[in-house]
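Colleague: Dropping the structure in here first, questions after.
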Amino acid sequence: MEVKDQQFQIQGVSLIDLAQEYGTPLYVYDGEKILEKVKLLQKSFSGVNLKIKYATKALSNINILKLMKKAGTGVDAVSIEEVKLCQYAGFEPHEIMYTPNSVSFEEIQEAVALGVMINIDNIPMLEHFGTYFGNKVPICIRLNPHILAGGNAKISVGHIDSKFGISILQLKHVLKVVEAHNLHVIGLHIHTGSDILDAEVFLRGANIVFDAAREFKGLKFLDFGGGFKVAYKPDDISTDIEEVGAKVSQAFKVFCKEYGTDLEIWFEPGKFLVSESGYLLAKVNVVKPTPASTFVGVDTGLNHLIRPMMYDAYHGVINISKLDGPERIYTIVGYICETDTIAADRKLKEVQEGDILAIKNAGAYGYSMASNYNSRLRPAEVLILNSKANLIRERETFEDILRHQLDIGL
Ligand SMILES: *Cc1c(COP(=O)(O)O)cnc(C)c1O
């Protein structure tokens, strides 16, 4: 985003104009930014057979999925609904990785019928699968490498007491089940969590997968999940993707040589690809000085962006209505009847009622985690591509709040 003609713009499109045209709150995505991230990732892993499986759950609008498809990625889906959404957006079954947790066997069977790659997350499911499908359907196995990593306990999923994946300590058991049912295992997977900074953590994970992979014949790919850290604060460091790319690619090449097959290396980034592309625009309803702080109350809240309250996430905020003048300290809060602080003690250009604030890094886990709490409507979404703003989701209406409710005539 740049300051030009006294307006905050993305690809020459003014955000203030968008707020006026489509109303607030409004999610806006910079399509070029997403494409730039895909290219950066592709470039960082040159020399290996990289497949990017975009983590659909981060931002699942079908137009974003189509954009990923155009950019040459595949997708990772964590529910049967996401699988169907990806197919709707044009992904072929072989481009879709299905990584469910705690789902029913019926849902797995449905995914098999749709022809997508199944990632098995627990031993009982592996046994069911073997009994039912034997070696007829190729599978991937999700391992838990027990690496404690990630920015927040709620997004750290690879530790010893995590519900995700099959413990690496149970590998012998896994191998027994695989042998007993003659299972056709073509991939191994780990996803250790979100906001992992360090190339060394990815390397540690990779080495654990390599060790496990030596026990399997006929593998086609190894999947190292997502979790690249994105800079949210101005002075935050993000994963040095080029460093991770260089180090992991090097280790991967050495392993492939030893294994005797040129395997595919898969990653499933969500946040990395879409976080920075997104802005949530909100209008200031009230500026409320109190003895402790000056609150800025806006027309959105944890119903539309839950990350600050759920993960203590930091999101940058700018007053895009005010380019000059003095700055003051504010605490930006939502309109939900619940403490929903979006950003505490932030310096903004002096805020007045009616100003438009842009909440940054709102692309990932923003709209996709939005709800109707307080019976509020979910916002519209706009995607800017080739310097053109496209409405990709209409704002909800009051009818949407009533939809599916049955009035039993009381
Ligand atoms: C959520 C998730 C991802 C993406 O994580 P990010 O932190 O957004 O990169 C990747 N793989 C799986 C299995 C996931 O559940």
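Naming scheme: A, B, ... for chains in displayed order of the structure tokens; residues 1 onward per chain; ligands 1 onward as shown.
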Please check which protein, DNA or RNA residues sit within 8 Å of ligand 1, counting only C-alpha atoms and all ligand atoms, and write them as an mmCIF file with C-alpha atoms, in the first residue's frame.

Modeller:
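Produced file result-v9.cif, reproduced below:
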```cif
data_model
loop_
_atom_site.group_PDB
_atom_site.id
_atom_site.type_symbol
_atom_site.label_atom_id
_atom_site.label_comp_id
_atom_site.auth_asym_id
_atom_site.auth_seq_id
_atom_site.Cartn_x
_atom_site.Cartn_y
_atom_site.Cartn_z
ATOM 1 C CA TYR A 54 -2.407 -23.606 -0.286
ATOM 2 C CA ALA A 55 -4.136 -24.057 3.102
ATOM 3 C CA LYS A 57 -8.877 -22.566 5.637
ATOM 4 C CA ALA A 58 -6.851 -19.311 5.771
ATOM 5 C CA ASP A 76 -4.848 -28.425 1.328
ATOM 6 C CA ALA A 77 -8.392 -28.935 2.600
ATOM 7 C CA VAL A 78 -9.268 -29.790 6.207
ATOM 8 C CA THR A 99 -5.997 -33.368 5.922
ATOM 9 C CA PRO A 100 -8.868 -33.935 8.344
ATOM 10 C CA ILE A 155 -1.554 -22.672 17.111
ATOM 11 C CA ILE A 190 3.942 -33.060 9.289
ATOM 12 C CA HIS A 191 2.519 -29.683 10.231
ATOM 13 C CA GLY A 193 2.070 -25.212 13.907
ATOM 14 C CA SER A 194 1.814 -21.631 12.847
ATOM 15 C CA ASP A 195 4.236 -18.721 13.150
ATOM 16 C CA GLY A 225 2.943 -28.485 6.209
ATOM 17 C CA GLY A 226 2.615 -24.734 6.631
ATOM 18 C CA GLY A 227 3.401 -22.342 9.426
ATOM 19 C CA PHE A 228 5.809 -19.804 7.969
ATOM 20 C CA LYS A 229 5.821 -16.743 10.183
ATOM 21 C CA PHE A 267 4.329 -27.263 1.663
ATOM 22 C CA GLU A 268 0.912 -26.045 2.816
ATOM 23 C CA PRO A 269 1.230 -22.352 3.606
ATOM 24 C CA GLY A 270 -1.868 -20.366 4.477
ATOM 25 C CA LYS A 271 -0.837 -17.258 6.341
ATOM 26 C CA PHE A 272 2.340 -16.788 4.318
ATOM 27 C CA LEU A 273 0.424 -16.536 1.050
ATOM 28 C CA ALA A 364 -5.470 -14.977 6.697
ATOM 29 C CA TYR A 365 -7.949 -16.296 9.290
#
```

Colleague: Near A:Thr300, within 9 Å and counting only C-alpha atoms, which residues show up once chain neighbours fewer than 6 positions away are dropped, as an mmCIF file with all heavy atoms, in the first residue's frame?

Modeller:
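Dumped to selection.cif:
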```cif
data_model
loop_
_atom_site.group_PDB
_atom_site.id
_atom_site.type_symbol
_atom_site.label_atom_id
_atom_site.label_comp_id
_atom_site.auth_asym_id
_atom_site.auth_seq_id
_atom_site.Cartn_x
_atom_site.Cartn_y
_atom_site.Cartn_z
ATOM 1 N N THR A 24 -18.743 -0.136 4.898
ATOM 2 C CA THR A 24 -17.855 -0.786 5.868
ATOM 3 C C THR A 24 -18.719 -1.614 6.824
ATOM 4 O O THR A 24 -19.908 -1.346 6.940
ATOM 5 C CB THR A 24 -17.069 0.261 6.689
ATOM 6 O OG1 THR A 24 -18.011 1.154 7.297
ATOM 7 C CG2 THR A 24 -16.089 1.009 5.814
ATOM 8 N N PRO A 25 -18.146 -2.595 7.506
ATOM 9 C CA PRO A 25 -16.777 -3.080 7.344
ATOM 10 C C PRO A 25 -16.592 -3.798 6.016
ATOM 11 O O PRO A 25 -17.560 -4.326 5.449
ATOM 12 C CB PRO A 25 -16.612 -4.033 8.518
ATOM 13 C CG PRO A 25 -18.000 -4.479 8.845
ATOM 14 C CD PRO A 25 -18.892 -3.324 8.536
ATOM 15 N N LEU A 280 -8.811 -5.044 6.606
ATOM 16 C CA LEU A 280 -10.207 -4.912 7.032
ATOM 17 C C LEU A 280 -10.463 -3.424 7.265
ATOM 18 O O LEU A 280 -9.812 -2.800 8.115
ATOM 19 C CB LEU A 280 -10.449 -5.723 8.309
ATOM 20 C CG LEU A 280 -11.835 -5.574 8.956
ATOM 21 C CD1 LEU A 280 -12.971 -5.904 7.974
ATOM 22 C CD2 LEU A 280 -11.948 -6.470 10.201
ATOM 23 N N LEU A 281 -11.360 -2.861 6.464
ATOM 24 C CA LEU A 281 -11.683 -1.439 6.592
ATOM 25 C C LEU A 281 -12.875 -1.278 7.518
ATOM 26 O O LEU A 281 -13.890 -1.968 7.366
ATOM 27 C CB LEU A 281 -12.017 -0.832 5.222
ATOM 28 C CG LEU A 281 -10.980 -1.016 4.112
ATOM 29 C CD1 LEU A 281 -11.415 -0.275 2.846
ATOM 30 C CD2 LEU A 281 -9.598 -0.551 4.562
ATOM 31 N N ALA A 282 -12.752 -0.375 8.473
ATOM 32 C CA ALA A 282 -13.839 -0.147 9.430
ATOM 33 C C ALA A 282 -14.016 1.344 9.646
ATOM 34 O O ALA A 282 -13.060 2.117 9.545
ATOM 35 C CB ALA A 282 -13.509 -0.832 10.755
ATOM 36 N N LYS A 283 -15.251 1.717 9.948
ATOM 37 C CA LYS A 283 -15.547 3.136 10.170
ATOM 38 C C LYS A 283 -15.583 3.433 11.666
ATOM 39 O O LYS A 283 -16.051 2.615 12.458
ATOM 40 C CB LYS A 283 -16.899 3.480 9.541
ATOM 41 C CG LYS A 283 -17.104 4.981 9.369
ATOM 42 C CD LYS A 283 -18.413 5.284 8.675
ATOM 43 C CE LYS A 283 -19.518 5.146 9.706
ATOM 44 N NZ LYS A 283 -20.846 5.012 9.184
ATOM 45 N N VAL A 333 -11.336 -0.511 19.584
ATOM 46 C CA VAL A 333 -12.208 -1.586 20.067
ATOM 47 C C VAL A 333 -13.373 -1.807 19.109
ATOM 48 O O VAL A 333 -13.741 -0.924 18.342
ATOM 49 C CB VAL A 333 -12.757 -1.279 21.486
ATOM 50 C CG1 VAL A 333 -11.632 -1.248 22.510
ATOM 51 C CG2 VAL A 333 -13.539 0.035 21.511
ATOM 52 N N GLY A 334 -13.928 -3.015 19.171
ATOM 53 C CA GLY A 334 -15.042 -3.374 18.301
ATOM 54 C C GLY A 334 -16.384 -3.002 18.906
ATOM 55 O O GLY A 334 -16.465 -2.496 20.024
ATOM 56 N N TYR A 335 -17.453 -3.318 18.145
ATOM 57 C CA TYR A 335 -18.810 -2.959 18.580
ATOM 58 C C TYR A 335 -19.572 -4.143 19.180
ATOM 59 O O TYR A 335 -20.782 -4.101 19.341
ATOM 60 C CB TYR A 335 -19.595 -2.339 17.434
ATOM 61 C CG TYR A 335 -19.830 -3.231 16.213
ATOM 62 C CD1 TYR A 335 -19.381 -4.546 16.158
ATOM 63 C CD2 TYR A 335 -20.525 -2.756 15.108
ATOM 64 C CE1 TYR A 335 -19.596 -5.336 15.066
ATOM 65 C CE2 TYR A 335 -20.759 -3.539 14.002
ATOM 66 C CZ TYR A 335 -20.283 -4.825 13.981
ATOM 67 O OH TYR A 335 -20.500 -5.610 12.888
ATOM 68 N N ILE A 336 -18.833 -5.219 19.502
ATOM 69 C CA ILE A 336 -19.469 -6.417 20.055
ATOM 70 C C ILE A 336 -19.615 -6.279 21.575
ATOM 71 O O ILE A 336 -18.768 -5.682 22.230
ATOM 72 C CB ILE A 336 -18.612 -7.655 19.690
ATOM 73 C CG1 ILE A 336 -18.703 -7.932 18.188
ATOM 74 C CG2 ILE A 336 -18.993 -8.891 20.494
ATOM 75 C CD1 ILE A 336 -20.093 -8.266 17.681
ATOM 76 N N PRO A 379 -19.134 -9.043 6.604
ATOM 77 C CA PRO A 379 -18.814 -8.003 5.622
ATOM 78 C C PRO A 379 -18.769 -8.500 4.178
ATOM 79 O O PRO A 379 -18.804 -9.713 3.936
ATOM 80 C CB PRO A 379 -17.407 -7.531 6.028
ATOM 81 C CG PRO A 379 -17.003 -8.297 7.215
ATOM 82 C CD PRO A 379 -17.999 -9.381 7.462
#
```

Colleague: Would you compute the distance between atom CA of A:Phe45 and atom CA of A:Thr192? Give it in Å to one decimal.

Modeller: 19.5 Å

Colleague: Just to confirm, what's the straight-line distance from atom CA of A:Phe105 to atom CA of A:Asp121 in Å (one decimal)?

Modeller: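 Computing it gives 11.7 Å between the two atoms.
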
Colleague: I'd like the neighbourhood of stretch 383-391 of chain A as a PyMOL selection string, where a residue qualifies if any of its atoms comes within 9 Å (using only C-alpha atoms), though same-chain residues fewer than 6 positions away should be ignored.

Modeller: chain A and resi 10-13+18+22+27-32+63-64

Colleague: In Å to one decimal, how far is atom CA of A:Ile139 from atom CA of A:Glu81?

Modeller: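 Here the two named atoms are 19.6 Å from each other.
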
Colleague: Ranking A:Ile265, A:Ile401, A:Ala370, A:Val244 by minimum distance to A:Val209 and counting only C-alpha atoms, which one comes first?

Modeller: A:Ile265

Colleague: Report as a PyMOL selection string all protein, DNA and RNA residues lying within 10 Å of A:Ile16, evaluated on only C-alpha atoms, omitting residues in the same chain fewer than 4 positions from it.

Modeller: chain A and resi 7-9+20-21+23+281+320-321+355-358

Colleague: Quick one: everything within 9 Å of A:Ala71, counting only C-alpha atoms, minus sequence neighbours fewer than 6 positions away in the same chain. Send it as a PDB file with all heavy atoms, in the first residue's frame.

Modeller:
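Output file out.pdb is given in full below:
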```pdb
ATOM      1  N   LEU A  35       0.066 -13.188  -5.507  1.00  0.00           N
ATOM      2  CA  LEU A  35       0.852 -13.773  -6.590  1.00  0.00           C
ATOM      3  C   LEU A  35       2.350 -13.630  -6.324  1.00  0.00           C
ATOM      4  O   LEU A  35       3.141 -14.540  -6.591  1.00  0.00           O
ATOM      5  CB  LEU A  35       0.476 -13.109  -7.930  1.00  0.00           C
ATOM      6  CG  LEU A  35      -0.971 -13.352  -8.366  1.00  0.00           C
ATOM      7  CD1 LEU A  35      -1.311 -12.549  -9.618  1.00  0.00           C
ATOM      8  CD2 LEU A  35      -1.225 -14.836  -8.610  1.00  0.00           C
ATOM      9  N   VAL A  38       3.405 -16.294  -3.850  1.00  0.00           N
ATOM     10  CA  VAL A  38       3.503 -17.613  -4.480  1.00  0.00           C
ATOM     11  C   VAL A  38       4.832 -17.705  -5.237  1.00  0.00           C
ATOM     12  O   VAL A  38       5.576 -18.681  -5.115  1.00  0.00           O
ATOM     13  CB  VAL A  38       2.319 -17.880  -5.446  1.00  0.00           C
ATOM     14  CG1 VAL A  38       2.526 -19.184  -6.221  1.00  0.00           C
ATOM     15  CG2 VAL A  38       0.993 -17.927  -4.678  1.00  0.00           C
ATOM     16  N   LYS A  39       5.126 -16.628  -6.001  1.00  0.00           N
ATOM     17  CA  LYS A  39       6.377 -16.628  -6.794  1.00  0.00           C
ATOM     18  C   LYS A  39       7.602 -16.714  -5.897  1.00  0.00           C
ATOM     19  O   LYS A  39       8.554 -17.439  -6.195  1.00  0.00           O
ATOM     20  CB  LYS A  39       6.459 -15.358  -7.652  1.00  0.00           C
ATOM     21  CG  LYS A  39       5.582 -15.425  -8.877  1.00  0.00           C
ATOM     22  CD  LYS A  39       6.058 -14.457  -9.966  1.00  0.00           C
ATOM     23  CE  LYS A  39       4.993 -14.309 -11.033  1.00  0.00           C
ATOM     24  NZ  LYS A  39       4.157 -13.105 -10.816  1.00  0.00           N
TER      25      LYS A  39
END
```

Colleague: What residues in stretch 39-120 of chain A get the DSSP label strand (DSSP E)? Please answer as a CSV table (one decimal) with N, CA, C and O atoms, in the first residue's frame.

Modeller:
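So result00.csv came out as:
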```csv
chain,number,residue,atom,x,y,z
A,49,ASN,N,11.5,-30.6,-6.5
A,49,ASN,CA,10.2,-30.8,-7.2
A,49,ASN,C,9.2,-30.3,-6.2
A,49,ASN,O,8.5,-31.1,-5.5
A,50,LEU,N,9.0,-28.9,-6.1
A,50,LEU,CA,8.1,-28.3,-5.1
A,50,LEU,C,6.6,-28.3,-5.5
A,50,LEU,O,6.3,-28.0,-6.7
A,51,LYS,N,5.8,-28.7,-4.6
A,51,LYS,CA,4.3,-28.5,-4.9
A,51,LYS,C,3.8,-27.7,-3.7
A,51,LYS,O,3.9,-28.1,-2.5
A,52,ILE,N,3.1,-26.6,-4.0
A,52,ILE,CA,2.5,-25.8,-3.0
A,52,ILE,C,1.1,-26.2,-2.9
A,52,ILE,O,0.3,-26.3,-3.9
A,53,LYS,N,0.6,-26.5,-1.6
A,53,LYS,CA,-0.8,-26.8,-1.4
A,53,LYS,C,-1.3,-25.8,-0.5
A,53,LYS,O,-1.2,-25.9,0.8
A,54,TYR,N,-1.9,-24.7,-1.1
A,54,TYR,CA,-2.4,-23.6,-0.3
A,54,TYR,C,-3.4,-24.1,0.8
A,54,TYR,O,-4.4,-24.8,0.4
A,55,ALA,N,-3.2,-23.7,2.0
A,55,ALA,CA,-4.1,-24.1,3.1
A,55,ALA,C,-5.4,-23.3,3.0
A,55,ALA,O,-5.5,-22.1,3.4
A,74,GLY,N,-1.5,-26.1,-5.7
A,74,GLY,CA,-2.6,-27.1,-5.4
A,74,GLY,C,-3.2,-26.5,-4.1
A,74,GLY,O,-3.0,-25.4,-3.7
A,75,VAL,N,-4.0,-27.4,-3.4
A,75,VAL,CA,-4.6,-26.9,-2.1
A,75,VAL,C,-4.6,-28.0,-1.1
A,75,VAL,O,-4.6,-29.2,-1.3
A,76,ASP,N,-4.6,-27.5,0.2
A,76,ASP,CA,-4.8,-28.4,1.3
A,76,ASP,C,-6.2,-28.1,1.9
A,76,ASP,O,-6.5,-26.9,2.1
A,77,ALA,N,-7.0,-29.1,2.1
A,77,ALA,CA,-8.4,-28.9,2.6
A,77,ALA,C,-8.5,-29.7,3.9
A,77,ALA,O,-8.1,-30.8,4.0
A,96,ILE,N,-5.6,-31.8,-4.8
A,96,ILE,CA,-6.2,-31.6,-3.5
A,96,ILE,C,-5.7,-32.6,-2.4
A,96,ILE,O,-5.9,-33.8,-2.6
A,97,MET,N,-5.1,-32.0,-1.4
A,97,MET,CA,-4.7,-32.8,-0.2
A,97,MET,C,-5.8,-32.6,0.8
A,97,MET,O,-6.2,-31.5,1.2
A,98,TYR,N,-6.3,-33.7,1.4
A,98,TYR,CA,-7.4,-33.7,2.4
A,98,TYR,C,-6.8,-34.1,3.7
A,98,TYR,O,-6.4,-35.3,3.9
A,117,MET,N,-6.3,-36.8,-2.4
A,117,MET,CA,-5.3,-37.4,-1.6
A,117,MET,C,-5.7,-37.4,-0.1
A,117,MET,O,-6.0,-36.4,0.4
A,118,ILE,N,-5.7,-38.6,0.5
A,118,ILE,CA,-6.2,-38.7,1.9
A,118,ILE,C,-5.0,-38.7,2.8
A,118,ILE,O,-4.0,-39.5,2.7
A,119,ASN,N,-5.0,-37.8,3.8
A,119,ASN,CA,-3.9,-37.7,4.8
A,119,ASN,C,-4.5,-38.3,6.1
A,119,ASN,O,-5.4,-37.7,6.7
A,120,ILE,N,-4.0,-39.4,6.5
A,120,ILE,CA,-4.5,-40.1,7.7
A,120,ILE,C,-3.9,-39.7,9.0
A,120,ILE,O,-2.6,-39.7,9.1
```

Colleague: Select, from A:Gly325, A:Gly297, A:Pro138, A:Gly354, the residue with the minimum atom-to-atom distance to A:Thr341, counting only C-alpha atoms.

Modeller: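 Result for the nearest residue to A:Thr341: A:Gly297.
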
Colleague: Quick one: of A:Lys347, A:Lys66, A:Arg403, A:Lys360, who's nearest to A:Val296, counting only C-alpha atoms?

Modeller: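 The closest residue to A:Val296 is A:Lys347.
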
Colleague: Nearest residue to A:Ile147 out of A:Pro124, A:Glu200, A:Asn319, A:Glu95, using only C-alpha atoms?

Modeller: A:Glu200

Colleague: Could you pull the residues within 10 Å of A:Gln109, counting only C-alpha atoms, minus those fewer than 4 positions along the same chain, as an MDAnalysis selection string?

Modeller: chainID A and resid 104:105 113:115 118 129 132:133

Colleague: Of the candidates A:Leu263, A:Ile186, A:Val177, A:Val286, which shows the shortest atom-to-atom distance to A:His128, using only C-alpha atoms?

Modeller: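 Among the listed residues, A:Val177 lies closest to A:His128.
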
Colleague: Could you go through stretch 108-228 of chain A and tell me which residues DSSP, when run on the backbone, assigns to helix (DSSP H, G or I), listing them as a PyMOL selection string?

Modeller: chain A and resi 108-114+123-133+153-155+168-180+199-213

Colleague: If we count only C-alpha atoms, what is near A:Lys84 at a cut-off of 10 Å, once residues fewer than 4 positions away on the same chain are taken out, given as a list in words?

Modeller: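 Residues near the query, excluding close chain neighbours: Ala77, Ser79, Ile80, Tyr88, Ala89, Gly90, Phe91, Pro93, Ile96, Ala111 and Leu114 of chain A.
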
Colleague: Pick out the closest residue to A:Ala212 from this set: A:Leu126, A:Ile332, A:Ile166, A:Leu377. Count only C-alpha atoms.

Modeller: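 Among A:Leu126, A:Ile332, A:Ile166, A:Leu377, it is A:Ile166 that comes nearest to A:Ala212.
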